Structure formats: structure tokens, C-alpha cells
Amino acid sequence: MNKNARIFVIFTLLLIFVIAFSLITTTDTLKFNITTDNKTDFQGNNLEVHFIDVGQGDAILITQNNHNMLIDAGDNKYEKTVVNYLKKQSIKKLDYVIGTHPHSDHIGGLDAVIDAFEIGKVIMPKVEHTTKTFLDVLTSIKNKGLKVTAPNVGDIYKLDGAKFTIVAPNNKTYKDLNNYSVVIKMEYDKTSFLFTGDAEVLSEKEILNNKINIEADVLKVGHHGSDTSSSAEFLDAVKPKYAVIQVGEGNKYGHPTAETLNKLKNRDIKIYRNDLDGNIIAVSDGNEIIFTLERNLKKDNPPKESEESYEEYDIYIGNKNSKVFHVDTCNSLPIENNRKYFETFEEALNAGYTPCSKCITQ
Amino acid sequence: MFHIKKRNTLNDITEDNKMRVIIDRFEGDYAVCEKENFEMIDIEIEKLPANVKEGDVLIIDGKYIKIDTIETEKRRKEIQSLMDELWE
């Protein structure tokens, strides 16, 4: 082999080597990036949905990585309940406030909420009501220099790593205010929630005609479980695993009705209710949803006995956002930044944290 | 002077009671109404004039209940103009 041929062979080998190496590196980088992206979006920063117990009325707080939104705020007399609940979660700003429709059991507490927190976007249907309650909400909005955005079906809003789509109302005029309810579907990676306000069968039909995918893991049952909502066709399209009914104990309107409860039971949907469970917290890690019920935390189980059984753990890990604490083997632990450590069970309780229903109270 | 007991139903409203309420909504057999102090009171729908709607202002005078159409219209207009200012 002459000198030129030798140089050519060496050069070719070198070229092959360089190409091969760069290919491997690219593939590796690509894989690495995908993993990193998934981690930033979904791991640790859980989506939390708090169905706040406001008796006969709706109030839902949703948090995702320090971004927050509120759907409704219960009746006037529960405004302190809602404001204090949000403060306990260390909420300073609500990125979105949705007043589903102008009935007092949904918007009653909104004026106090708007007064007390920094507010991003306010979404409400443009339909008037003559009550002082509604006027108060509008006055608070005006005093804060805010504007109101009307819901537009198909519009998508981001709540950090989560997003929600407006699903209803689909018409400009209805006979009943309930049907003006803003209905949204919230999605966080593989998990989803459908919040329906008081939308009745008429609105449900319009939603079904729309062909927007409304399948969801969790359904906030429409109109406090009244039989004016939750038609069979609607439930079959949503196909929820869990149903949450925001309803007050001993209400005289018959909510939730036996008919609605039976429809849910017949479809093997697990039912949670504020009148029986107190505050209901659903936490999604993007793959699965875990429910924590205030009822379980308050259970009349003798505190001494429980304390003894907890003493085998050396450390308890609290979630600064949800104020729920876990043992270190729990698979829904918060990310490091959101953790607060406690040496004893009592210390965690005294700090206002509640035990996780999955790893501690069962 | 009102003599209204904690359990707010129309049965508690006696002859000497006069008040103005606004229908917030209908739930089953009841109209849920807002009193001037923001308290909510349930009134059986069958005791109301037949053509009542959400948002109507009612004058309750003893067992007589009628729609205050002037006040209802006045409030609607007031709210509508505020809404036109606030909605984008």
C-alpha cells in the first residue's frame, strides 16, 4: 500500500468513527432530554384538587406547582371558610377564578376571595342576576381594577404543567341560570377532571353534541347530585372512576337524589361527598389519583392508640402545599422543595398537617 | 320590626312581617331567596305568584306575596350596565 492509500484508509476509518460517535451521542442526548422533560413537567409537582366543604354549595381549589385556581366559593356565610382554607394552603395568588354561574351557593364567597388575594383572570358567564350577592362580586371585581372574561368553548388555559379546556356553556341564552354554568375539563398528564358547576341535562346534551372528548377520571357531579343533571348518556361519555358531590348535610332539596346515586353506583363509580367526608382532596401525580378525606382524619379512633402505632417511624414528611404528611415509604411524596420534616407524629399534627390517607390512616 | 326565627321558612313569617327578598334560585319545591341582610330563606314555590322567575324581587306582606316589577327592572338595568363595563 502506498502512502496515499494508507492516508485514505486512515481518513475513512476516522470519518466512520466520527459519524458513528456523533450518532450515538445524538441518540443519547435525545433520550436524555425526553426523560428530563417528563421529570420537569410531571414528577413531584402534583396536581391537587381540594373540594372544600362549604355545606350546600361548591368551592374547589386547584394547585399545580405554586399556580392556583378557584372554581366557585360557596355561599356568603362560608366566605371565611374558603378564605381561611386558601390561606392555610399558603395561597397568595389565584391565577384563575371561575364563577360558574351567579347563584349564591356558588359565588357567595367570591367577593371576599377577590378582596383577599392577588387575582389573575376572572372567568364568568355574561349573564345577569339581580341579587345583592352578585352585585357584591361585581363590585369587588371593579374595585380591584379587574376585567371579566366570558367562557368560550374550546379555549384552553394553562395552569403550569396542567391545562383546562372550556366545555360549556354552548349557548348565549337559557331559561335557568344553572345551564350557564362554566364547565371545564382539567388535564394533568394522563389524569383528568371534569368540573360541571350546576349544568343540567340540557347543557350536558349540548356538550355531548360538541364532540369534545369529555372522558375524565374524576367527575364533579353536576348540581349537587340533583336529578336535573347527570343523565345516563353524559355519565357514559365521561366514564369517571370517581365522582365528587359537593352537598350540605341535611339539605332540604333532596340532594343528592337516590336516582343520581344509583346511576353512579350502577357504573361502579366511587362516590365522595362533602356532607359525609368533609373536605375532599384529590392528588394526581400525572398517572394516578389519590383521595384524602377529612372524615378519615377526624375518625373517632382513640388518638393514643394511633399515636402508638405511628411511633415506629423516625421521620414524617409533610407537603408544604397540601399540608398532608406522609411516612417515607409513601409513593406520593412531595418534591424536596415542598417538604417539611417532622420527627414525631404529634409535631406534624401540631404544625397543622394532616396524615396521608394512603400511608398513615387507612 | 321583623320576628323571624332562625329556621327561615315562610311559615315563620307572621302577619306583622313585611320584607323584600330576591329570588336567587329554585331548588325542588322551594324558591331560595336572598334577604336584605344576605341571609337566605326558603319559600315554598306554591306560595308564590305563578309567573315568578329567578332574579324577581318579591314584596312579602304577611301572607301576601307579590312581584316588585319596578324594583326588579331597576336592579336588572343597574347590573347590566355594570356588567357591560366589566366584561371584556
# chains A, B, ... in the order shown; residues from 1 in each chain; ligands from 1
$ residues_around --residues "Phe291 (chain A)" --least-positions-apart "6" --cutoff "7 Å" --atoms "only C-alpha atoms" --output "ChimeraX atom specification"
/A:280-283
$ interface_residues --of "chain B" --to "chain A" --cutoff "6 Å" --atoms "only C-alpha atoms" --output "ChimeraX atom specification"
/B:27-28,55,75-76,86-88
$ residues_around --residues "Ile290 (chain A)" --least-positions-apart "5" --cutoff "10 Å" --atoms "only C-alpha atoms" --output "list of chain:residue names"
A:Glu48, A:Ile281, A:Ala282, A:Val283, A:Ser284, A:Asp285, A:Ser332, A:Cys356, A:Ser357, A:Lys358
$ residues_around --residues "Ala168 (chain A)" --least-positions-apart "6" --cutoff "6 Å" --atoms "only C-alpha atoms" --output "JSON, numbers by chain"
{"A": [153, 182, 183]}
$ residues_around --residues "Val167 (chain A)" --least-positions-apart "3" --cutoff "12 Å" --atoms "only C-alpha atoms" --output "PDB file with all heavy atoms, in the first residue's frame"
ATOM      1  N   THR A 100     -68.833  29.826  38.287  1.00  0.00           N
ATOM      2  CA  THR A 100     -69.508  29.022  37.261  1.00  0.00           C
ATOM      3  C   THR A 100     -70.799  29.665  36.770  1.00  0.00           C
ATOM      4  O   THR A 100     -71.068  29.687  35.576  1.00  0.00           O
ATOM      5  CB  THR A 100     -69.804  27.584  37.751  1.00  0.00           C
ATOM      6  OG1 THR A 100     -70.606  27.670  38.939  1.00  0.00           O
ATOM      7  CG2 THR A 100     -68.520  26.818  38.031  1.00  0.00           C
ATOM      8  N   PRO A 151     -66.592  32.761  29.170  1.00  0.00           N
ATOM      9  CA  PRO A 151     -66.084  31.457  28.734  1.00  0.00           C
ATOM     10  C   PRO A 151     -66.383  31.221  27.258  1.00  0.00           C
ATOM     11  O   PRO A 151     -67.481  31.527  26.804  1.00  0.00           O
ATOM     12  CB  PRO A 151     -66.863  30.474  29.608  1.00  0.00           C
ATOM     13  CG  PRO A 151     -68.125  31.196  29.958  1.00  0.00           C
ATOM     14  CD  PRO A 151     -67.766  32.655  30.044  1.00  0.00           C
ATOM     15  N   ASN A 152     -65.409  30.706  26.554  1.00  0.00           N
ATOM     16  CA  ASN A 152     -65.571  30.433  25.134  1.00  0.00           C
ATOM     17  C   ASN A 152     -65.216  28.969  24.887  1.00  0.00           C
ATOM     18  O   ASN A 152     -64.068  28.560  25.119  1.00  0.00           O
ATOM     19  CB  ASN A 152     -64.647  31.383  24.361  1.00  0.00           C
ATOM     20  CG  ASN A 152     -64.852  31.280  22.884  1.00  0.00           C
ATOM     21  OD1 ASN A 152     -65.938  30.885  22.439  1.00  0.00           O
ATOM     22  ND2 ASN A 152     -63.828  31.597  22.125  1.00  0.00           N
ATOM     23  N   VAL A 153     -66.192  28.182  24.497  1.00  0.00           N
ATOM     24  CA  VAL A 153     -65.992  26.734  24.377  1.00  0.00           C
ATOM     25  C   VAL A 153     -64.816  26.427  23.447  1.00  0.00           C
ATOM     26  O   VAL A 153     -64.714  26.989  22.360  1.00  0.00           O
ATOM     27  CB  VAL A 153     -67.278  26.033  23.886  1.00  0.00           C
ATOM     28  CG1 VAL A 153     -67.025  24.568  23.544  1.00  0.00           C
ATOM     29  CG2 VAL A 153     -68.351  26.143  24.957  1.00  0.00           C
ATOM     30  N   GLY A 154     -63.928  25.559  23.924  1.00  0.00           N
ATOM     31  CA  GLY A 154     -62.755  25.164  23.153  1.00  0.00           C
ATOM     32  C   GLY A 154     -61.502  25.911  23.572  1.00  0.00           C
ATOM     33  O   GLY A 154     -60.389  25.470  23.269  1.00  0.00           O
ATOM     34  N   ASP A 155     -61.656  27.029  24.271  1.00  0.00           N
ATOM     35  CA  ASP A 155     -60.479  27.770  24.746  1.00  0.00           C
ATOM     36  C   ASP A 155     -59.712  26.940  25.773  1.00  0.00           C
ATOM     37  O   ASP A 155     -60.310  26.271  26.608  1.00  0.00           O
ATOM     38  CB  ASP A 155     -60.894  29.105  25.393  1.00  0.00           C
ATOM     39  CG  ASP A 155     -61.187  30.171  24.341  1.00  0.00           C
ATOM     40  OD1 ASP A 155     -61.089  29.844  23.145  1.00  0.00           O
ATOM     41  OD2 ASP A 155     -61.526  31.316  24.724  1.00  0.00           O
ATOM     42  N   ILE A 156     -58.382  27.005  25.665  1.00  0.00           N
ATOM     43  CA  ILE A 156     -57.532  26.229  26.566  1.00  0.00           C
ATOM     44  C   ILE A 156     -56.670  27.180  27.384  1.00  0.00           C
ATOM     45  O   ILE A 156     -56.098  28.133  26.852  1.00  0.00           O
ATOM     46  CB  ILE A 156     -56.652  25.243  25.769  1.00  0.00           C
ATOM     47  CG1 ILE A 156     -57.547  24.212  25.061  1.00  0.00           C
ATOM     48  CG2 ILE A 156     -55.649  24.538  26.688  1.00  0.00           C
ATOM     49  CD1 ILE A 156     -56.813  23.326  24.084  1.00  0.00           C
ATOM     50  N   PHE A 164     -56.570  23.405  31.233  1.00  0.00           N
ATOM     51  CA  PHE A 164     -58.009  23.154  31.235  1.00  0.00           C
ATOM     52  C   PHE A 164     -58.667  23.725  29.994  1.00  0.00           C
ATOM     53  O   PHE A 164     -58.215  24.720  29.433  1.00  0.00           O
ATOM     54  CB  PHE A 164     -58.681  23.631  32.526  1.00  0.00           C
ATOM     55  CG  PHE A 164     -58.699  25.124  32.758  1.00  0.00           C
ATOM     56  CD1 PHE A 164     -59.763  25.907  32.337  1.00  0.00           C
ATOM     57  CD2 PHE A 164     -57.665  25.744  33.451  1.00  0.00           C
ATOM     58  CE1 PHE A 164     -59.802  27.267  32.585  1.00  0.00           C
ATOM     59  CE2 PHE A 164     -57.682  27.118  33.705  1.00  0.00           C
ATOM     60  CZ  PHE A 164     -58.759  27.882  33.267  1.00  0.00           C
ATOM     61  N   ASN A 170     -72.646  26.308  25.946  1.00  0.00           N
ATOM     62  CA  ASN A 170     -72.610  26.297  24.491  1.00  0.00           C
ATOM     63  C   ASN A 170     -73.631  27.226  23.849  1.00  0.00           C
ATOM     64  O   ASN A 170     -73.738  27.272  22.632  1.00  0.00           O
ATOM     65  CB  ASN A 170     -72.831  24.865  23.990  1.00  0.00           C
ATOM     66  CG  ASN A 170     -71.607  23.999  24.261  1.00  0.00           C
ATOM     67  OD1 ASN A 170     -70.624  24.082  23.548  1.00  0.00           O
ATOM     68  ND2 ASN A 170     -71.653  23.200  25.323  1.00  0.00           N
ATOM     69  N   ASN A 171     -74.413  27.905  24.691  1.00  0.00           N
ATOM     70  CA  ASN A 171     -75.403  28.835  24.153  1.00  0.00           C
ATOM     71  C   ASN A 171     -75.345  30.174  24.862  1.00  0.00           C
ATOM     72  O   ASN A 171     -74.775  30.287  25.948  1.00  0.00           O
ATOM     73  CB  ASN A 171     -76.804  28.240  24.303  1.00  0.00           C
ATOM     74  CG  ASN A 171     -77.324  27.764  22.960  1.00  0.00           C
ATOM     75  OD1 ASN A 171     -77.252  28.484  21.965  1.00  0.00           O
ATOM     76  ND2 ASN A 171     -77.830  26.537  22.933  1.00  0.00           N
ATOM     77  N   TYR A 180     -76.079  28.046  32.426  1.00  0.00           N
ATOM     78  CA  TYR A 180     -74.986  28.933  32.024  1.00  0.00           C
ATOM     79  C   TYR A 180     -73.652  28.473  32.623  1.00  0.00           C
ATOM     80  O   TYR A 180     -72.603  29.036  32.316  1.00  0.00           O
ATOM     81  CB  TYR A 180     -75.249  30.363  32.499  1.00  0.00           C
ATOM     82  CG  TYR A 180     -76.318  31.103  31.719  1.00  0.00           C
ATOM     83  CD1 TYR A 180     -77.648  31.059  32.108  1.00  0.00           C
ATOM     84  CD2 TYR A 180     -75.987  31.860  30.602  1.00  0.00           C
ATOM     85  CE1 TYR A 180     -78.625  31.741  31.405  1.00  0.00           C
ATOM     86  CE2 TYR A 180     -76.949  32.557  29.889  1.00  0.00           C
ATOM     87  CZ  TYR A 180     -78.271  32.494  30.298  1.00  0.00           C
ATOM     88  OH  TYR A 180     -79.225  33.180  29.594  1.00  0.00           O
ATOM     89  N   SER A 181     -73.723  27.466  33.513  1.00  0.00           N
ATOM     90  CA  SER A 181     -72.519  27.039  34.250  1.00  0.00           C
ATOM     91  C   SER A 181     -71.316  26.820  33.339  1.00  0.00           C
ATOM     92  O   SER A 181     -71.409  26.142  32.310  1.00  0.00           O
ATOM     93  CB  SER A 181     -72.786  25.727  34.997  1.00  0.00           C
ATOM     94  OG  SER A 181     -73.644  25.958  36.089  1.00  0.00           O
ATOM     95  N   VAL A 182     -70.192  27.386  33.752  1.00  0.00           N
ATOM     96  CA  VAL A 182     -68.932  27.142  33.056  1.00  0.00           C
ATOM     97  C   VAL A 182     -68.515  25.711  33.407  1.00  0.00           C
ATOM     98  O   VAL A 182     -68.400  25.368  34.582  1.00  0.00           O
ATOM     99  CB  VAL A 182     -67.839  28.126  33.521  1.00  0.00           C
ATOM    100  CG1 VAL A 182     -66.532  27.867  32.779  1.00  0.00           C
ATOM    101  CG2 VAL A 182     -68.291  29.562  33.328  1.00  0.00           C
ATOM    102  N   VAL A 183     -68.343  24.878  32.389  1.00  0.00           N
ATOM    103  CA  VAL A 183     -67.883  23.504  32.600  1.00  0.00           C
ATOM    104  C   VAL A 183     -66.474  23.414  32.037  1.00  0.00           C
ATOM    105  O   VAL A 183     -66.222  23.869  30.915  1.00  0.00           O
ATOM    106  CB  VAL A 183     -68.816  22.491  31.900  1.00  0.00           C
ATOM    107  CG1 VAL A 183     -68.306  21.057  32.077  1.00  0.00           C
ATOM    108  CG2 VAL A 183     -70.243  22.613  32.414  1.00  0.00           C
ATOM    109  N   ILE A 184     -65.541  22.880  32.826  1.00  0.00           N
ATOM    110  CA  ILE A 184     -64.172  22.754  32.320  1.00  0.00           C
ATOM    111  C   ILE A 184     -63.648  21.336  32.501  1.00  0.00           C
ATOM    112  O   ILE A 184     -64.020  20.626  33.432  1.00  0.00           O
ATOM    113  CB  ILE A 184     -63.191  23.750  32.991  1.00  0.00           C
ATOM    114  CG1 ILE A 184     -63.014  23.445  34.477  1.00  0.00           C
ATOM    115  CG2 ILE A 184     -63.623  25.183  32.780  1.00  0.00           C
ATOM    116  CD1 ILE A 184     -61.770  24.092  35.073  1.00  0.00           C
ATOM    117  N   LYS A 185     -62.761  20.953  31.591  1.00  0.00           N
ATOM    118  CA  LYS A 185     -62.041  19.689  31.745  1.00  0.00           C
ATOM    119  C   LYS A 185     -60.588  20.034  32.044  1.00  0.00           C
ATOM    120  O   LYS A 185     -59.949  20.769  31.300  1.00  0.00           O
ATOM    121  CB  LYS A 185     -62.135  18.846  30.477  1.00  0.00           C
ATOM    122  CG  LYS A 185     -61.369  17.529  30.597  1.00  0.00           C
ATOM    123  CD  LYS A 185     -61.560  16.649  29.385  1.00  0.00           C
ATOM    124  CE  LYS A 185     -60.614  15.454  29.444  1.00  0.00           C
ATOM    125  NZ  LYS A 185     -60.832  14.528  28.319  1.00  0.00           N
ATOM    126  N   MET A 186     -60.103  19.503  33.149  1.00  0.00           N
ATOM    127  CA  MET A 186     -58.729  19.765  33.589  1.00  0.00           C
ATOM    128  C   MET A 186     -57.897  18.531  33.280  1.00  0.00           C
ATOM    129  O   MET A 186     -58.308  17.420  33.609  1.00  0.00           O
ATOM    130  CB  MET A 186     -58.768  19.989  35.112  1.00  0.00           C
ATOM    131  CG  MET A 186     -57.487  20.452  35.702  1.00  0.00           C
ATOM    132  SD  MET A 186     -57.576  22.249  35.843  1.00  0.00           S
ATOM    133  CE  MET A 186     -55.859  22.642  35.801  1.00  0.00           C
ATOM    134  N   LEU A 194     -63.410  16.564  35.385  1.00  0.00           N
ATOM    135  CA  LEU A 194     -64.445  17.372  34.739  1.00  0.00           C
ATOM    136  C   LEU A 194     -65.246  18.096  35.828  1.00  0.00           C
ATOM    137  O   LEU A 194     -65.810  17.463  36.717  1.00  0.00           O
ATOM    138  CB  LEU A 194     -65.381  16.482  33.905  1.00  0.00           C
ATOM    139  CG  LEU A 194     -66.313  17.228  32.959  1.00  0.00           C
ATOM    140  CD1 LEU A 194     -65.539  17.837  31.777  1.00  0.00           C
ATOM    141  CD2 LEU A 194     -67.413  16.312  32.433  1.00  0.00           C
ATOM    142  N   PHE A 195     -65.230  19.441  35.751  1.00  0.00           N
ATOM    143  CA  PHE A 195     -65.945  20.252  36.736  1.00  0.00           C
ATOM    144  C   PHE A 195     -67.167  20.853  36.052  1.00  0.00           C
ATOM    145  O   PHE A 195     -67.036  21.566  35.052  1.00  0.00           O
ATOM    146  CB  PHE A 195     -65.036  21.354  37.270  1.00  0.00           C
ATOM    147  CG  PHE A 195     -63.783  20.825  37.908  1.00  0.00           C
ATOM    148  CD1 PHE A 195     -62.565  20.841  37.223  1.00  0.00           C
ATOM    149  CD2 PHE A 195     -63.820  20.287  39.184  1.00  0.00           C
ATOM    150  CE1 PHE A 195     -61.408  20.337  37.804  1.00  0.00           C
ATOM    151  CE2 PHE A 195     -62.664  19.789  39.773  1.00  0.00           C
ATOM    152  CZ  PHE A 195     -61.456  19.813  39.088  1.00  0.00           C
ATOM    153  N   THR A 196     -68.350  20.572  36.604  1.00  0.00           N
ATOM    154  CA  THR A 196     -69.580  20.844  35.861  1.00  0.00           C
ATOM    155  C   THR A 196     -70.453  21.961  36.418  1.00  0.00           C
ATOM    156  O   THR A 196     -71.497  22.249  35.837  1.00  0.00           O
ATOM    157  CB  THR A 196     -70.443  19.568  35.812  1.00  0.00           C
ATOM    158  OG1 THR A 196     -70.654  19.155  37.162  1.00  0.00           O
ATOM    159  CG2 THR A 196     -69.762  18.467  35.037  1.00  0.00           C
ATOM    160  N   GLY A 197     -70.074  22.559  37.554  1.00  0.00           N
ATOM    161  CA  GLY A 197     -70.947  23.568  38.163  1.00  0.00           C
ATOM    162  C   GLY A 197     -72.318  22.972  38.415  1.00  0.00           C
ATOM    163  O   GLY A 197     -72.430  21.853  38.933  1.00  0.00           O
ATOM    164  N   ALA A 199     -74.503  22.618  35.758  1.00  0.00           N
ATOM    165  CA  ALA A 199     -75.020  22.333  34.407  1.00  0.00           C
ATOM    166  C   ALA A 199     -76.052  21.206  34.453  1.00  0.00           C
ATOM    167  O   ALA A 199     -75.820  20.171  35.079  1.00  0.00           O
ATOM    168  CB  ALA A 199     -73.870  21.960  33.477  1.00  0.00           C
ATOM    169  N   SER A 203     -77.626  21.291  29.108  1.00  0.00           N
ATOM    170  CA  SER A 203     -76.232  21.636  28.826  1.00  0.00           C
ATOM    171  C   SER A 203     -75.411  20.371  28.556  1.00  0.00           C
ATOM    172  O   SER A 203     -74.539  20.354  27.688  1.00  0.00           O
ATOM    173  CB  SER A 203     -75.638  22.422  29.997  1.00  0.00           C
ATOM    174  OG  SER A 203     -74.270  22.659  29.784  1.00  0.00           O
ATOM    175  N   GLU A 204     -75.699  19.307  29.301  1.00  0.00           N
ATOM    176  CA  GLU A 204     -74.994  18.036  29.083  1.00  0.00           C
ATOM    177  C   GLU A 204     -75.184  17.557  27.640  1.00  0.00           C
ATOM    178  O   GLU A 204     -74.248  17.101  26.994  1.00  0.00           O
ATOM    179  CB  GLU A 204     -75.512  16.965  30.061  1.00  0.00           C
ATOM    180  CG  GLU A 204     -75.133  17.234  31.518  1.00  0.00           C
ATOM    181  CD  GLU A 204     -75.721  16.210  32.480  1.00  0.00           C
ATOM    182  OE1 GLU A 204     -76.474  15.321  32.039  1.00  0.00           O
ATOM    183  OE2 GLU A 204     -75.406  16.306  33.686  1.00  0.00           O
ATOM    184  N   LYS A 205     -76.433  17.685  27.139  1.00  0.00           N
ATOM    185  CA  LYS A 205     -76.727  17.264  25.759  1.00  0.00           C
ATOM    186  C   LYS A 205     -75.904  18.084  24.769  1.00  0.00           C
ATOM    187  O   LYS A 205     -75.355  17.550  23.810  1.00  0.00           O
ATOM    188  CB  LYS A 205     -78.217  17.456  25.450  1.00  0.00           C
ATOM    189  CG  LYS A 205     -79.046  16.266  25.888  1.00  0.00           C
ATOM    190  CD  LYS A 205     -80.473  16.348  25.339  1.00  0.00           C
ATOM    191  CE  LYS A 205     -81.265  15.158  25.847  1.00  0.00           C
ATOM    192  NZ  LYS A 205     -82.646  15.515  26.179  1.00  0.00           N
ATOM    193  N   GLU A 206     -75.841  19.397  25.006  1.00  0.00           N
ATOM    194  CA  GLU A 206     -75.078  20.269  24.107  1.00  0.00           C
ATOM    195  C   GLU A 206     -73.593  19.895  24.134  1.00  0.00           C
ATOM    196  O   GLU A 206     -72.925  19.907  23.103  1.00  0.00           O
ATOM    197  CB  GLU A 206     -75.252  21.729  24.525  1.00  0.00           C
ATOM    198  CG  GLU A 206     -76.656  22.249  24.276  1.00  0.00           C
ATOM    199  CD  GLU A 206     -76.915  23.612  24.895  1.00  0.00           C
ATOM    200  OE1 GLU A 206     -76.093  24.059  25.730  1.00  0.00           O
ATOM    201  OE2 GLU A 206     -77.937  24.220  24.566  1.00  0.00           O
ATOM    202  N   ILE A 207     -73.107  19.552  25.332  1.00  0.00           N
ATOM    203  CA  ILE A 207     -71.698  19.155  25.463  1.00  0.00           C
ATOM    204  C   ILE A 207     -71.446  17.881  24.635  1.00  0.00           C
ATOM    205  O   ILE A 207     -70.457  17.773  23.912  1.00  0.00           O
ATOM    206  CB  ILE A 207     -71.326  18.917  26.948  1.00  0.00           C
ATOM    207  CG1 ILE A 207     -71.370  20.240  27.730  1.00  0.00           C
ATOM    208  CG2 ILE A 207     -69.946  18.261  27.075  1.00  0.00           C
ATOM    209  CD1 ILE A 207     -71.274  20.088  29.239  1.00  0.00           C
ATOM    210  N   LEU A 208     -72.384  16.924  24.739  1.00  0.00           N
ATOM    211  CA  LEU A 208     -72.233  15.660  24.003  1.00  0.00           C
ATOM    212  C   LEU A 208     -72.256  15.904  22.488  1.00  0.00           C
ATOM    213  O   LEU A 208     -71.525  15.263  21.746  1.00  0.00           O
ATOM    214  CB  LEU A 208     -73.347  14.685  24.387  1.00  0.00           C
ATOM    215  CG  LEU A 208     -73.292  14.161  25.833  1.00  0.00           C
ATOM    216  CD1 LEU A 208     -74.522  13.327  26.146  1.00  0.00           C
ATOM    217  CD2 LEU A 208     -72.025  13.349  26.070  1.00  0.00           C
ATOM    218  N   ASN A 209     -73.084  16.858  22.048  1.00  0.00           N
ATOM    219  CA  ASN A 209     -73.164  17.166  20.607  1.00  0.00           C
ATOM    220  C   ASN A 209     -71.888  17.807  20.076  1.00  0.00           C
ATOM    221  O   ASN A 209     -71.656  17.828  18.876  1.00  0.00           O
ATOM    222  CB  ASN A 209     -74.338  18.113  20.328  1.00  0.00           C
ATOM    223  CG  ASN A 209     -75.653  17.393  20.461  1.00  0.00           C
ATOM    224  OD1 ASN A 209     -75.696  16.158  20.355  1.00  0.00           O
ATOM    225  ND2 ASN A 209     -76.720  18.137  20.721  1.00  0.00           N
ATOM    226  N   ASN A 210     -71.103  18.349  20.989  1.00  0.00           N
ATOM    227  CA  ASN A 210     -69.912  19.100  20.624  1.00  0.00           C
ATOM    228  C   ASN A 210     -68.739  18.269  20.145  1.00  0.00           C
ATOM    229  O   ASN A 210     -67.801  18.789  19.574  1.00  0.00           O
ATOM    230  CB  ASN A 210     -69.429  19.872  21.853  1.00  0.00           C
ATOM    231  CG  ASN A 210     -69.552  21.328  21.629  1.00  0.00           C
ATOM    232  OD1 ASN A 210     -69.700  21.750  20.492  1.00  0.00           O
ATOM    233  ND2 ASN A 210     -69.465  22.086  22.686  1.00  0.00           N
ATOM    234  N   LYS A 211     -68.752  16.984  20.500  1.00  0.00           N
ATOM    235  CA  LYS A 211     -67.678  16.058  20.122  1.00  0.00           C
ATOM    236  C   LYS A 211     -66.333  16.379  20.791  1.00  0.00           C
ATOM    237  O   LYS A 211     -65.296  15.914  20.343  1.00  0.00           O
ATOM    238  CB  LYS A 211     -67.468  16.009  18.583  1.00  0.00           C
ATOM    239  CG  LYS A 211     -68.733  15.801  17.763  1.00  0.00           C
ATOM    240  CD  LYS A 211     -69.263  14.388  17.864  1.00  0.00           C
ATOM    241  CE  LYS A 211     -70.523  14.211  17.035  1.00  0.00           C
ATOM    242  NZ  LYS A 211     -71.503  13.303  17.639  1.00  0.00           N
ATOM    243  N   ILE A 212     -66.346  17.220  21.818  1.00  0.00           N
ATOM    244  CA  ILE A 212     -65.102  17.395  22.594  1.00  0.00           C
ATOM    245  C   ILE A 212     -64.995  16.179  23.503  1.00  0.00           C
ATOM    246  O   ILE A 212     -65.991  15.755  24.098  1.00  0.00           O
ATOM    247  CB  ILE A 212     -65.145  18.686  23.451  1.00  0.00           C
ATOM    248  CG1 ILE A 212     -65.114  19.928  22.550  1.00  0.00           C
ATOM    249  CG2 ILE A 212     -63.978  18.723  24.448  1.00  0.00           C
ATOM    250  CD1 ILE A 212     -65.107  21.255  23.300  1.00  0.00           C
ATOM    251  N   ASN A 213     -63.806  15.597  23.597  1.00  0.00           N
ATOM    252  CA  ASN A 213     -63.624  14.427  24.461  1.00  0.00           C
ATOM    253  C   ASN A 213     -63.777  14.837  25.923  1.00  0.00           C
ATOM    254  O   ASN A 213     -62.989  15.611  26.442  1.00  0.00           O
ATOM    255  CB  ASN A 213     -62.240  13.827  24.212  1.00  0.00           C
ATOM    256  CG  ASN A 213     -61.984  12.613  25.103  1.00  0.00           C
ATOM    257  OD1 ASN A 213     -62.832  12.228  25.917  1.00  0.00           O
ATOM    258  ND2 ASN A 213     -60.818  12.022  24.954  1.00  0.00           N
ATOM    259  N   ILE A 214     -64.826  14.333  26.585  1.00  0.00           N
ATOM    260  CA  ILE A 214     -65.059  14.724  27.977  1.00  0.00           C
ATOM    261  C   ILE A 214     -64.766  13.590  28.955  1.00  0.00           C
ATOM    262  O   ILE A 214     -65.110  13.668  30.127  1.00  0.00           O
ATOM    263  CB  ILE A 214     -66.500  15.245  28.194  1.00  0.00           C
ATOM    264  CG1 ILE A 214     -67.522  14.265  27.635  1.00  0.00           C
ATOM    265  CG2 ILE A 214     -66.661  16.627  27.589  1.00  0.00           C
ATOM    266  CD1 ILE A 214     -68.925  14.499  28.164  1.00  0.00           C
ATOM    267  N   GLU A 215     -64.148  12.515  28.462  1.00  0.00           N
ATOM    268  CA  GLU A 215     -63.766  11.439  29.378  1.00  0.00           C
ATOM    269  C   GLU A 215     -62.905  12.004  30.497  1.00  0.00           C
ATOM    270  O   GLU A 215     -62.013  12.812  30.242  1.00  0.00           O
ATOM    271  CB  GLU A 215     -62.955  10.379  28.625  1.00  0.00           C
ATOM    272  CG  GLU A 215     -63.797   9.220  28.139  1.00  0.00           C
ATOM    273  CD  GLU A 215     -62.975   8.173  27.417  1.00  0.00           C
ATOM    274  OE1 GLU A 215     -61.986   7.701  28.004  1.00  0.00           O
ATOM    275  OE2 GLU A 215     -63.342   7.859  26.262  1.00  0.00           O
TER     276      GLU A 215
END
$ select_by_dssp --residues "region 248-303 of chain A" --states "strand (DSSP E)" --output "list in words"
Lys270, Ile271, Tyr272, Arg273, Ile280, Ile281, Ala282, Val283, Ser284, Ile289, Ile290, Phe291, Thr292 and Leu293 of chain A
$ residues_around --residues "Leu159 (chain A)" --least-positions-apart "4" --cutoff "8 Å" --atoms "only C-alpha atoms" --output "PyMOL selection string"
chain A and resi 64+67-68+95+163-164
$ residues_around --residues "Tyr188 (chain A)" --least-positions-apart "4" --cutoff "8 Å" --atoms "only C-alpha atoms" --output "PyMOL selection string"
chain A and resi 47+161-163+192+284+286
$ select_by_dssp --residues "region 52-105 of chain A" --states "helix (DSSP H, G or I)" --output "list in words"
Asn76, Lys77, Tyr78, Glu79, Lys80, Thr81, Val82, Val83, Asn84, Tyr85, Leu86, Lys87, Lys88, Ser104 and Asp105 of chain A
